[in-house]
$ cat structure-v7.txt   # compact mmCIF, C-alpha atoms and all ligand atoms
# COMPACT_ATOMS: atom_id res chain seq x y z
CA MET A 122 -5.75 -9.44 -20.36
CA ASN A 123 -6.10 -13.09 -21.34
CA PHE A 124 -6.97 -15.35 -18.41
CA ASP A 125 -6.89 -18.57 -20.46
CA TYR A 126 -4.39 -21.07 -19.15
CA SER A 127 -1.95 -22.65 -21.61
CA GLU A 128 -1.41 -26.41 -21.87
CA GLU A 129 1.73 -25.96 -19.78
CA HIS A 130 -0.16 -24.07 -17.06
CA LEU A 131 -2.76 -26.83 -16.85
CA ALA A 132 -0.07 -29.52 -16.72
CA VAL A 133 1.80 -27.74 -13.91
CA ARG A 134 -1.43 -27.28 -11.94
CA GLU A 135 -2.31 -30.95 -12.37
CA ALA A 136 1.18 -32.10 -11.34
CA ALA A 137 1.08 -29.92 -8.20
CA ARG A 138 -2.46 -31.11 -7.36
CA GLU A 139 -1.48 -34.79 -7.68
CA PHE A 140 1.70 -34.29 -5.70
CA ALA A 141 -0.17 -32.50 -2.90
CA LYS A 142 -2.86 -35.17 -2.73
CA ASN A 143 -0.48 -38.14 -2.84
CA GLU A 144 2.57 -36.88 -0.96
CA LEU A 145 1.50 -33.99 1.28
CA LEU A 146 -1.96 -34.97 2.50
CA PRO A 147 -0.86 -38.19 4.24
CA GLY A 148 0.84 -37.04 7.43
CA VAL A 149 -0.05 -33.35 7.23
CA ILE A 150 -2.06 -33.44 10.48
CA ASP A 151 0.73 -35.28 12.26
CA ARG A 152 3.45 -32.91 11.03
CA ASP A 153 1.37 -29.94 12.20
CA GLU A 154 0.81 -31.53 15.62
CA LYS A 155 4.51 -32.38 16.08
CA GLN A 156 5.77 -29.15 14.43
CA GLN A 157 7.79 -31.39 12.15
CA PHE A 158 9.61 -29.76 9.23
CA PRO A 159 8.50 -31.50 5.99
CA ALA A 160 12.07 -32.34 4.96
CA ASP A 161 11.25 -35.37 2.76
CA GLN A 162 8.38 -33.51 1.10
CA ILE A 163 10.54 -30.44 0.35
CA LYS A 164 13.23 -32.73 -1.10
CA MET A 165 10.62 -34.26 -3.41
CA MET A 166 9.40 -30.78 -4.36
CA GLY A 167 12.96 -29.93 -5.35
CA GLU A 168 13.25 -33.06 -7.47
CA LEU A 169 9.96 -32.23 -9.20
CA GLY A 170 11.15 -28.70 -10.00
CA PHE A 171 8.88 -26.76 -7.62
CA MET A 172 11.71 -24.99 -5.77
CA GLY A 173 13.13 -22.97 -8.66
CA MET A 174 10.23 -22.79 -11.06
CA MET A 175 10.95 -19.41 -12.64
CA VAL A 176 14.74 -19.69 -12.87
CA ARG A 177 16.16 -20.25 -16.35
CA PRO A 178 17.15 -23.89 -17.06
CA GLU A 179 20.83 -22.94 -17.48
CA TYR A 180 20.82 -22.12 -13.75
CA GLY A 181 18.98 -25.27 -12.72
CA GLY A 182 15.40 -23.94 -12.80
CA GLY A 183 12.22 -24.77 -14.67
CA GLY A 184 12.16 -21.67 -16.89
CA MET A 185 8.45 -21.20 -16.20
CA ASP A 186 6.39 -18.05 -15.87
CA THR A 187 4.90 -16.55 -12.72
CA VAL A 188 1.41 -17.80 -13.66
CA SER A 189 2.67 -21.41 -13.53
CA TYR A 190 4.25 -20.64 -10.17
CA VAL A 191 1.05 -19.23 -8.62
CA LEU A 192 -0.98 -22.17 -9.92
CA ALA A 193 1.43 -24.62 -8.26
CA MET A 194 1.53 -22.53 -5.07
CA GLU A 195 -2.27 -22.58 -4.86
CA GLU A 196 -2.47 -26.37 -5.18
CA ILE A 197 0.26 -27.06 -2.64
CA SER A 198 -1.19 -24.52 -0.20
CA LYS A 199 -4.61 -26.20 -0.34
CA ILE A 200 -3.00 -29.06 1.55
CA ASP A 201 0.17 -27.92 3.34
CA SER A 202 1.26 -24.31 3.78
CA SER A 203 4.29 -25.38 5.81
CA CYS A 204 5.60 -26.72 2.50
CA SER A 205 4.39 -23.85 0.36
CA VAL A 206 6.04 -21.18 2.52
CA SER A 207 9.44 -22.86 1.96
CA MET A 208 8.61 -23.03 -1.73
CA SER A 209 7.61 -19.36 -1.82
CA VAL A 210 10.70 -18.14 0.03
CA ASN A 211 13.07 -20.24 -2.09
CA ASN A 212 11.46 -19.27 -5.41
CA SER A 213 10.60 -15.63 -4.84
CA LEU A 214 12.86 -14.24 -2.15
CA VAL A 215 16.03 -16.21 -2.80
CA CYS A 216 16.23 -17.52 -6.39
CA TRP A 217 14.50 -14.63 -8.15
CA GLY A 218 16.77 -11.98 -6.60
CA LEU A 219 19.92 -14.02 -7.19
CA GLU A 220 19.06 -14.58 -10.83
CA LYS A 221 18.19 -10.92 -11.42
CA TYR A 222 20.98 -9.25 -9.44
CA GLY A 223 23.60 -11.90 -8.63
CA THR A 224 26.99 -12.08 -10.31
CA GLU A 225 27.73 -14.99 -12.65
CA GLU A 226 29.88 -16.55 -9.91
CA GLN A 227 27.08 -16.23 -7.34
CA LYS A 228 24.66 -17.83 -9.78
CA GLN A 229 26.97 -20.77 -10.48
CA LYS A 230 27.82 -21.30 -6.83
CA TYR A 231 24.47 -20.63 -5.12
CA LEU A 232 21.61 -20.29 -7.59
CA LYS A 233 22.16 -23.61 -9.36
CA PRO A 234 21.85 -25.82 -6.26
CA LEU A 235 19.03 -23.63 -4.89
CA ALA A 236 16.95 -23.67 -8.07
CA SER A 237 17.42 -27.39 -8.65
CA GLY A 238 16.29 -28.13 -5.10
CA GLN A 239 19.56 -29.64 -3.85
CA ILE A 240 19.62 -27.06 -1.07
CA ILE A 241 17.17 -24.44 0.21
CA GLY A 242 17.67 -20.79 1.00
CA ALA A 243 16.44 -18.21 3.50
CA PHE A 244 15.86 -14.45 3.40
CA ALA A 245 16.81 -12.50 6.50
CA LEU A 246 15.43 -8.96 6.73
CA SER A 247 13.31 -8.89 9.93
CA GLU A 248 14.87 -8.15 13.30
CA PRO A 249 13.58 -7.92 16.87
CA GLU A 250 13.10 -4.16 16.30
CA ALA A 251 12.72 -4.08 12.51
CA GLY A 252 9.64 -5.89 11.24
CA SER A 253 7.30 -3.56 9.37
CA ASP A 254 9.82 -0.74 9.88
CA ALA A 255 12.36 -2.55 7.76
CA THR A 256 14.72 0.38 7.08
CA SER A 257 15.57 0.40 10.79
CA GLN A 258 18.23 -2.34 10.49
CA HIS A 259 20.39 -2.92 13.60
CA THR A 260 22.41 -5.79 12.14
CA THR A 261 25.70 -4.32 10.97
CA ALA A 262 28.05 -5.27 8.14
CA ALA A 263 31.27 -3.35 8.82
CA ASP A 264 33.37 -2.82 5.70
CA MET A 265 36.79 -4.37 6.39
CA GLY A 266 38.25 -3.96 2.90
CA ASP A 267 38.06 -7.42 1.34
CA HIS A 268 35.21 -8.62 3.58
CA TYR A 269 32.33 -7.51 5.80
CA LEU A 270 32.10 -8.29 9.51
CA LEU A 271 28.50 -9.20 10.24
CA ASN A 272 27.00 -8.69 13.72
CA GLY A 273 23.39 -8.79 14.95
CA THR A 274 20.20 -10.82 15.22
CA LYS A 275 17.51 -11.67 12.69
CA ASN A 276 13.99 -12.82 13.62
CA TRP A 277 11.23 -15.00 12.18
CA ILE A 278 13.41 -16.55 9.51
CA THR A 279 11.63 -19.16 7.38
CA ASN A 280 13.89 -22.18 6.59
CA GLY A 281 15.94 -20.81 9.53
CA SER A 282 17.72 -24.04 10.49
CA THR A 283 17.30 -26.03 7.28
CA ALA A 284 18.65 -23.51 4.77
CA SER A 285 22.19 -23.81 3.47
CA VAL A 286 22.34 -20.28 2.07
CA TYR A 287 21.00 -17.07 3.66
CA ILE A 288 20.56 -13.64 2.09
CA VAL A 289 21.09 -11.27 5.01
CA MET A 290 20.35 -7.54 4.98
CA ALA A 291 22.67 -5.46 7.18
CA GLN A 292 23.60 -1.83 7.75
CA THR A 293 27.07 -0.81 6.55
CA ASP A 294 26.77 2.97 6.69
CA PRO A 295 24.11 4.25 9.14
CA GLU A 296 24.59 7.84 7.96
CA LYS A 297 23.22 6.85 4.58
CA LYS A 298 20.14 5.29 6.26
CA HIS A 299 18.47 2.72 3.96
CA LYS A 300 20.94 3.54 1.20
CA GLY A 301 23.73 2.19 3.43
CA ILE A 302 22.19 -1.31 3.69
CA ASN A 303 23.78 -4.30 1.94
CA ALA A 304 22.43 -7.74 0.99
CA LEU A 305 25.03 -10.42 1.76
CA ILE A 306 25.09 -14.14 0.99
CA VAL A 307 25.99 -16.10 4.12
CA GLU A 308 26.57 -19.84 4.26
CA LYS A 309 25.37 -22.18 6.98
CA GLY A 310 28.15 -23.20 9.34
CA GLN A 311 30.26 -20.06 8.99
CA GLU A 312 32.16 -19.26 12.16
CA GLY A 313 30.13 -16.98 14.46
CA PHE A 314 26.78 -17.85 12.81
CA GLY A 315 24.25 -19.33 15.27
CA VAL A 316 20.63 -20.46 14.90
CA GLY A 317 18.11 -20.03 17.75
CA PRO A 318 15.40 -22.55 18.77
CA LYS A 319 12.41 -23.21 16.54
CA GLU A 320 9.42 -20.90 17.19
CA ASN A 321 6.28 -22.60 18.57
CA LYS A 322 3.63 -21.13 16.25
CA LEU A 323 -0.16 -20.90 15.89
CA GLY A 324 -0.04 -22.02 12.25
CA ILE A 325 2.34 -23.31 9.56
CA ARG A 326 3.73 -25.29 12.48
CA GLY A 327 5.87 -27.58 10.33
CA SER A 328 7.65 -24.59 8.84
CA ASP A 329 11.10 -23.98 10.21
CA THR A 330 11.03 -20.51 11.82
CA HIS A 331 14.10 -19.41 13.79
CA SER A 332 16.16 -16.42 14.90
CA LEU A 333 19.67 -16.11 13.50
CA MET A 334 22.62 -14.73 15.44
CA PHE A 335 25.76 -13.29 13.84
CA SER A 336 28.86 -12.60 15.86
CA ASP A 337 31.82 -11.32 13.83
CA VAL A 338 30.89 -13.45 10.81
CA LYS A 339 33.35 -12.80 7.96
CA VAL A 340 31.50 -12.40 4.68
CA PRO A 341 33.70 -12.00 1.57
CA LYS A 342 33.01 -8.92 -0.54
CA GLU A 343 32.18 -11.13 -3.53
CA ASN A 344 29.11 -12.31 -1.56
CA ARG A 345 27.47 -8.87 -1.70
CA ILE A 346 24.51 -8.69 -4.08
CA GLY A 347 24.65 -5.61 -6.30
CA ASP A 348 26.52 -2.37 -5.62
CA ASP A 349 27.40 -1.03 -2.19
CA GLY A 350 24.17 0.22 -0.55
CA PHE A 351 21.81 -1.68 -2.88
CA GLY A 352 20.56 -4.04 -0.14
CA PHE A 353 17.33 -2.28 0.82
CA SER A 354 16.21 -1.72 -2.73
CA PHE A 355 17.06 -5.39 -3.39
CA ALA A 356 14.93 -6.49 -0.41
CA MET A 357 11.96 -4.37 -1.48
CA GLN A 358 12.05 -5.61 -5.08
CA VAL A 359 12.34 -9.20 -3.99
CA LEU A 360 9.43 -8.74 -1.57
CA ASN A 361 7.21 -7.35 -4.33
CA GLY A 362 7.50 -10.73 -6.04
CA GLY A 363 7.30 -12.57 -2.72
CA ARG A 364 3.93 -10.97 -2.09
CA ILE A 365 2.54 -12.67 -5.20
CA GLY A 366 3.73 -15.98 -3.73
CA ILE A 367 2.07 -15.36 -0.37
CA ALA A 368 -1.10 -14.11 -2.09
CA SER A 369 -1.27 -17.42 -3.98
CA GLN A 370 -0.64 -19.27 -0.73
CA ALA A 371 -3.60 -17.43 0.85
CA LEU A 372 -5.68 -18.23 -2.23
CA GLY A 373 -4.80 -21.92 -1.86
CA ILE A 374 -5.73 -21.97 1.83
CA ALA A 375 -9.09 -20.37 0.98
CA SER A 376 -9.86 -22.63 -1.98
CA GLY A 377 -8.78 -25.71 0.00
CA ALA A 378 -11.22 -24.77 2.77
CA MET A 379 -13.92 -24.12 0.18
CA GLU A 380 -13.47 -27.54 -1.47
CA LEU A 381 -13.67 -29.28 1.90
CA SER A 382 -16.78 -27.27 2.80
CA ILE A 383 -18.59 -28.16 -0.43
CA LYS A 384 -17.81 -31.87 0.07
CA TYR A 385 -18.95 -31.77 3.70
CA ALA A 386 -22.12 -29.78 2.94
CA LYS A 387 -23.20 -32.38 0.39
CA GLU A 388 -22.62 -35.29 2.80
CA ARG A 389 -23.80 -33.92 6.14
CA LYS A 390 -27.54 -34.10 6.73
CA THR A 391 -29.62 -32.03 9.17
CA PHE A 392 -33.40 -31.61 9.32
CA GLY A 393 -33.77 -34.44 6.77
CA LYS A 394 -31.58 -33.09 3.98
CA PRO A 395 -27.93 -32.33 3.15
CA ILE A 396 -26.90 -29.03 4.70
CA ALA A 397 -25.95 -27.87 1.16
CA GLU A 398 -29.72 -27.58 0.58
CA HIS A 399 -30.15 -25.12 3.43
CA GLN A 400 -30.13 -21.55 2.20
CA MET A 401 -27.94 -20.31 5.09
CA ILE A 402 -25.18 -22.71 4.00
CA GLN A 403 -25.70 -21.87 0.32
CA PHE A 404 -25.23 -18.17 1.06
CA LYS A 405 -22.00 -18.88 2.92
CA LEU A 406 -20.67 -21.02 0.05
CA SER A 407 -21.73 -18.45 -2.51
CA LYS A 408 -19.94 -15.61 -0.69
CA MET A 409 -16.80 -17.69 -0.14
CA SER A 410 -16.69 -18.76 -3.77
CA THR A 411 -17.20 -15.23 -5.14
CA GLU A 412 -14.45 -13.81 -2.93
CA ILE A 413 -12.06 -16.61 -3.88
CA GLU A 414 -12.62 -15.90 -7.58
CA ALA A 415 -11.97 -12.18 -7.01
CA ALA A 416 -8.78 -13.02 -5.12
CA ARG A 417 -7.70 -15.35 -7.94
CA LEU A 418 -8.14 -12.58 -10.52
CA LEU A 419 -6.00 -10.20 -8.44
CA VAL A 420 -3.29 -12.84 -8.05
CA LEU A 421 -3.30 -13.60 -11.79
CA GLN A 422 -3.24 -9.90 -12.66
CA ALA A 423 -0.12 -9.38 -10.53
CA ALA A 424 1.55 -12.52 -11.96
CA MET A 425 0.76 -11.54 -15.56
CA LYS A 426 2.08 -8.00 -15.09
CA LYS A 427 5.30 -9.42 -13.64
CA ASP A 428 5.61 -11.80 -16.58
CA LYS A 429 5.14 -8.92 -19.03
CA GLY A 430 7.92 -6.97 -17.32
CA GLU A 431 5.51 -4.22 -16.19
CA SER A 432 5.42 -2.66 -12.72
CA PHE A 433 3.42 -4.91 -10.39
CA VAL A 434 4.11 -3.28 -7.00
CA LYS A 435 0.52 -2.12 -6.44
CA GLU A 436 -1.04 -5.27 -7.95
CA ALA A 437 1.08 -7.60 -5.78
CA ALA A 438 0.20 -5.64 -2.63
CA MET A 439 -3.51 -5.65 -3.55
CA ALA A 440 -3.43 -9.39 -4.26
CA LYS A 441 -1.78 -10.15 -0.92
CA LEU A 442 -4.01 -7.76 1.05
CA TYR A 443 -7.21 -9.14 -0.42
CA ALA A 444 -6.33 -12.84 -0.72
CA SER A 445 -5.10 -13.00 2.88
CA GLN A 446 -8.37 -11.45 4.12
CA VAL A 447 -10.31 -13.95 2.01
CA ALA A 448 -8.21 -16.80 3.43
CA MET A 449 -9.05 -15.69 6.96
CA ASP A 450 -12.78 -15.14 6.32
CA THR A 451 -13.20 -18.31 4.26
CA THR A 452 -11.49 -20.59 6.75
CA VAL A 453 -13.52 -19.19 9.67
CA GLU A 454 -16.71 -19.91 7.68
CA ALA A 455 -15.41 -23.36 6.70
CA VAL A 456 -15.03 -24.26 10.38
CA GLN A 457 -18.56 -22.94 11.00
CA ILE A 458 -20.03 -25.02 8.16
CA HIS A 459 -18.32 -28.13 9.59
CA GLY A 460 -19.77 -27.36 13.06
CA GLY A 461 -18.20 -29.49 15.81
CA TYR A 462 -16.26 -31.50 13.22
CA GLY A 463 -14.62 -28.29 12.07
CA PHE A 464 -13.19 -27.84 15.55
CA VAL A 465 -11.24 -31.12 15.50
CA LYS A 466 -8.08 -31.95 13.60
CA GLU A 467 -9.31 -34.76 11.30
CA TYR A 468 -11.36 -32.45 9.09
CA HIS A 469 -8.39 -30.15 8.24
CA VAL A 470 -10.29 -26.85 8.28
CA GLU A 471 -9.14 -25.81 11.77
CA ARG A 472 -5.52 -26.13 10.54
CA LEU A 473 -6.31 -24.08 7.44
CA MET A 474 -7.85 -21.41 9.70
CA ARG A 475 -4.71 -21.29 11.85
CA ASP A 476 -2.47 -21.26 8.76
CA ALA A 477 -4.48 -18.44 7.15
CA LYS A 478 -3.55 -15.93 9.85
CA ILE A 479 0.14 -15.71 8.94
CA THR A 480 -0.69 -14.62 5.39
CA GLN A 481 -1.90 -11.32 6.88
CA ILE A 482 1.41 -10.90 8.72
CA TYR A 483 4.49 -12.10 6.86
CA GLU A 484 6.09 -10.52 3.77
CA GLY A 485 4.47 -7.24 4.83
CA THR A 486 1.46 -7.05 7.13
CA SER A 487 -1.92 -6.00 5.74
CA GLU A 488 -1.25 -2.57 7.22
CA ILE A 489 2.01 -2.33 5.20
CA GLN A 490 0.21 -3.49 2.02
CA ASN A 491 -2.25 -0.61 2.53
CA ILE A 492 0.68 1.80 2.80
CA VAL A 493 2.23 0.41 -0.39
CA ILE A 494 -1.08 0.62 -2.30
CA ALA A 495 -1.84 4.14 -1.05
CA ARG A 496 1.64 5.38 -2.02
CA GLU A 497 1.28 3.87 -5.49
CA ILE A 498 -2.14 5.34 -6.21
CA LEU A 499 -1.18 8.76 -4.83
CA LYS A 500 2.05 9.02 -6.87
N1 LIG A 601 9.28 -1.68 -4.17
C1 LIG A 601 10.45 -1.08 -4.52
N2 LIG A 601 11.03 -0.14 -3.74
C2 LIG A 601 10.39 0.22 -2.63
C3 LIG A 601 9.19 -0.37 -2.21
C4 LIG A 601 8.62 -1.35 -3.04
N3 LIG A 601 7.49 -1.97 -2.72
N4 LIG A 601 8.81 0.18 -1.03
C5 LIG A 601 9.75 1.09 -0.71
N5 LIG A 601 10.71 1.10 -1.67
C6 LIG A 601 11.88 1.96 -1.72
C7 LIG A 601 11.52 3.44 -1.81
O1 LIG A 601 11.34 3.84 -3.13
C8 LIG A 601 12.73 4.09 -1.16
O2 LIG A 601 13.80 4.12 -2.05
P1 LIG A 601 14.46 5.53 -2.48
O3 LIG A 601 14.86 6.23 -1.24
O4 LIG A 601 15.62 5.13 -3.34
O5 LIG A 601 13.39 6.26 -3.23
C9 LIG A 601 13.13 3.08 -0.09
O6 LIG A 601 12.58 1.82 -0.48
C10 LIG A 601 12.63 3.42 1.29
O7 LIG A 601 11.24 3.55 1.22
P2 LIG A 601 10.43 4.61 2.07
O8 LIG A 601 11.12 5.92 2.02
O9 LIG A 601 9.03 4.55 1.57
O10 LIG A 601 10.61 4.00 3.53
P3 LIG A 601 9.56 3.84 4.70
O11 LIG A 601 10.35 3.48 5.89
O12 LIG A 601 8.64 5.00 4.76
O13 LIG A 601 8.67 2.58 4.21
C11 LIG A 601 8.25 0.22 3.90
C12 LIG A 601 9.26 1.37 3.87
C13 LIG A 601 7.52 0.19 2.57
C14 LIG A 601 7.26 0.33 5.03
C15 LIG A 601 9.15 -1.02 4.08
O14 LIG A 601 9.88 -0.93 5.29
C16 LIG A 601 8.40 -2.33 4.07
O15 LIG A 601 8.04 -2.83 3.00
N6 LIG A 601 8.16 -2.93 5.26
C17 LIG A 601 7.65 -4.29 5.34
C18 LIG A 601 8.79 -5.25 5.40
C19 LIG A 601 8.38 -6.64 5.03
O16 LIG A 601 7.62 -6.88 4.11
N7 LIG A 601 8.97 -7.61 5.73
C20 LIG A 601 8.76 -9.00 5.42
C21 LIG A 601 9.89 -9.81 5.97
S1 LIG A 601 10.35 -11.16 4.96
C22 LIG A 601 9.27 -12.42 5.30
O17 LIG A 601 8.27 -12.27 5.94
C23 LIG A 601 9.68 -13.68 4.63
C24 LIG A 601 9.19 -14.94 5.24
O18 LIG A 601 9.87 -15.53 6.05
C25 LIG A 601 7.97 -15.58 4.75

$ encode --input "structure-v7.txt" --output "structure tokens"
Amino acid sequence: MNFDYSEEHLAVREAAREFAKNELLPGVIDRDEKQQFPADQIKMMGELGFMGMMVRPEYGGGGMDTVSYVLAMEEISKIDSSCSVSMSVNNSLVCWGLEKYGTEEQKQKYLKPLASGQIIGAFALSEPEAGSDATSQHTTAADMGDHYLLNGTKNWITNGSTASVYIVMAQTDPEKKHKGINALIVEKGQEGFGVGPKENKLGIRGSDTHSLMFSDVKVPKENRIGDDGFGFSFAMQVLNGGRIGIASQALGIASGAMELSIKYAKERKTFGKPIAEHQMIQFKLSKMSTEIEAARLLVLQAAMKKDKGESFVKEAAMAKLYASQVAMDTTVEAVQIHGGYGFVKEYHVERLMRDAKITQIYEGTSEIQNIVIAREILK
């Protein structure tokens, strides 16, 4: 496995780093405080090509590989994970699945504007009683001949009120269990489609998390992705890729906290010398840095396997499981290194610590990643 970055990889990483420093850093504390969705920033990310990076150019995307995508995700997540979660959902959960399994009409109508960043999308699988236990869908899509009638509630939906297009999983034939689930494309503003209030969260507070309510929403048959009953398999495959995105988000949170800690440790003096010269701080930095490198290798391994067209289910789950733990551990230590300054907003690390927690929860909790890994290695 070759871990050398190409010229294109380095250019993408540099572009994302500059964008994050110039456009995301100013105002990130304020947006977090006010729970303000980064609408202008996401629009800019679309214009720069970050919202449909892996989609082929003929469908409005950047035609890049997954390695480029994880490098950009890491840089943007170092500064603002409320932006990178929208980026991850749009790229991995919405665009990737549409490109792979959508019809030509669906690609022309939905993928093009999504990949080019004109609109953003959302992925609706979770429900009040179906989070980790995702096969237990209560939202129904009754087959009415030429359309489905969609009824039910979805929870924790990223881009919940700002998306224009939603991919909604719903049960059509309960007797067939998960093989009776369909993935349907629903448009914002359809009659009977309601959006609940924004969730007041611990972290990624700018991100737009809502419940969705469907009451007799008519979804035309041509908006179904894949064959009848393909919806659960679709959701699982899309989430495998999504987990690489969230793993790179976790990696970015960790490496952002690490960079801030190194800078602070060189500046802050105690007992007559910079704290970076105290062995206790050196040991913390050394552990953080080693774990971040290990997480990066797992993320790159998963991305490279995906790019080669090989199975990456286990690798993506391992990358997410490990990188999210590293994000949590690293950010807690970063706050500790900053002492009292770490506990206040201006130094950023307390926000990174709060943002880290969600990477152990969404797109499959750490407990679910362990199940996925165990099933893969015991096959
Ligand atoms: N890749 C491909 N297919 C998979 C899969 C995977 N990782 N995991 C399961 N499947 C397939 C199985 O092969 C099986 O298909 P067949 O019957 O055709 O063989 C089918 O899915 C059902 O699987 P199981 O029999 O293993 O079902 P289970 O109920 O025992 O376990 C689960 C399923 C793996 C726990 C699944 O429910 C799961 O992944 N849960 C977590 C859901 C999740 O990640 N939610 C995230 C929400 S989206 C989000 O967070 C986005 C956001 O806003 C940021």

$ residues_near_point --input "structure-v7.txt" --point "(-3.8, -9.4, 5.3)" --cutoff "10 Å" --atoms "only C-alpha atoms" --output "list in words"
Ala368, Ala371, Ala438, Met439, Ala440, Lys441, Leu442, Tyr443, Ala444, Ser445, Gln446, Val447, Ala448, Met449, Ala477, Lys478, Ile479, Thr480, Gln481, Ile482, Tyr483, Gly485, Thr486, Ser487, Glu488, Ile489, Gln490 and Asn491 of chain A

$ closest_atom_pairs --input "structure-v7.txt" --of "range 421-495 of chain A" --to "range 194-204 of chain A" --cutoff "9 Å" --atoms "all atoms listed in the file" --output "tab-separated table"
residue	atom	partner	partner_atom	distance
A:His469	CA	A:Ile200	CA	8.7
A:Leu473	CA	A:Lys199	CA	8.2
A:Asp476	CA	A:Ser202	CA	6.9
A:Ala477	CA	A:Ser202	CA	8.9

$ closest_residue --input "structure-v7.txt" --among "A:Gly327, A:Glu129, A:Ser209, A:Gln370" --to "Leu145 in chain A" --atoms "all atoms listed in the file"
A:Gly327

$ closest_residue --input "structure-v7.txt" --among "A:Ile288, A:Met357, A:Met166, A:Val316" --to "ligand LIG 601 (chain A)" --atoms "all atoms listed in the file"
A:Met357

$ atom_distance --input "structure-v7.txt" --atom1 "CA of Ile494 in chain A" --atom2 "CA of Glu248 in chain A"
24.0 Å

$ residues_near_ligand --input "structure-v7.txt" --ligand "ligand LIG 601 (chain A)" --cutoff "7 Å" --atoms "all atoms listed in the file" --output "number ranges by chain"
A: 206, 210, 244-247, 252-256, 277-279, 299, 353-354, 357-358, 360-361, 434, 483-486, 489, 493

$ closest_residue --input "structure-v7.txt" --among "A:Ala424, A:Met175, A:Ala304, A:Ile150" --to "Phe124 in chain A" --atoms "only C-alpha atoms"
A:Ala424

$ residues_around --input "structure-v7.txt" --residues "Ile383 in chain A" --least-positions-apart "6" --cutoff "12 Å" --atoms "only C-alpha atoms" --output "PyMOL selection string"
chain A and resi 376-377+389+395-398+402-403+405-407+409-410+454-455+458-459

$ closest_residue --input "structure-v7.txt" --among "A:Gln457, A:Thr451, A:Gln400, A:Thr261" --to "Ala291 in chain A" --atoms "all atoms listed in the file"
A:Thr261

$ atom_distance --input "structure-v7.txt" --atom1 "CA of Ile374 in chain A" --atom2 "CA of Ala495 in chain A"
26.6 Å
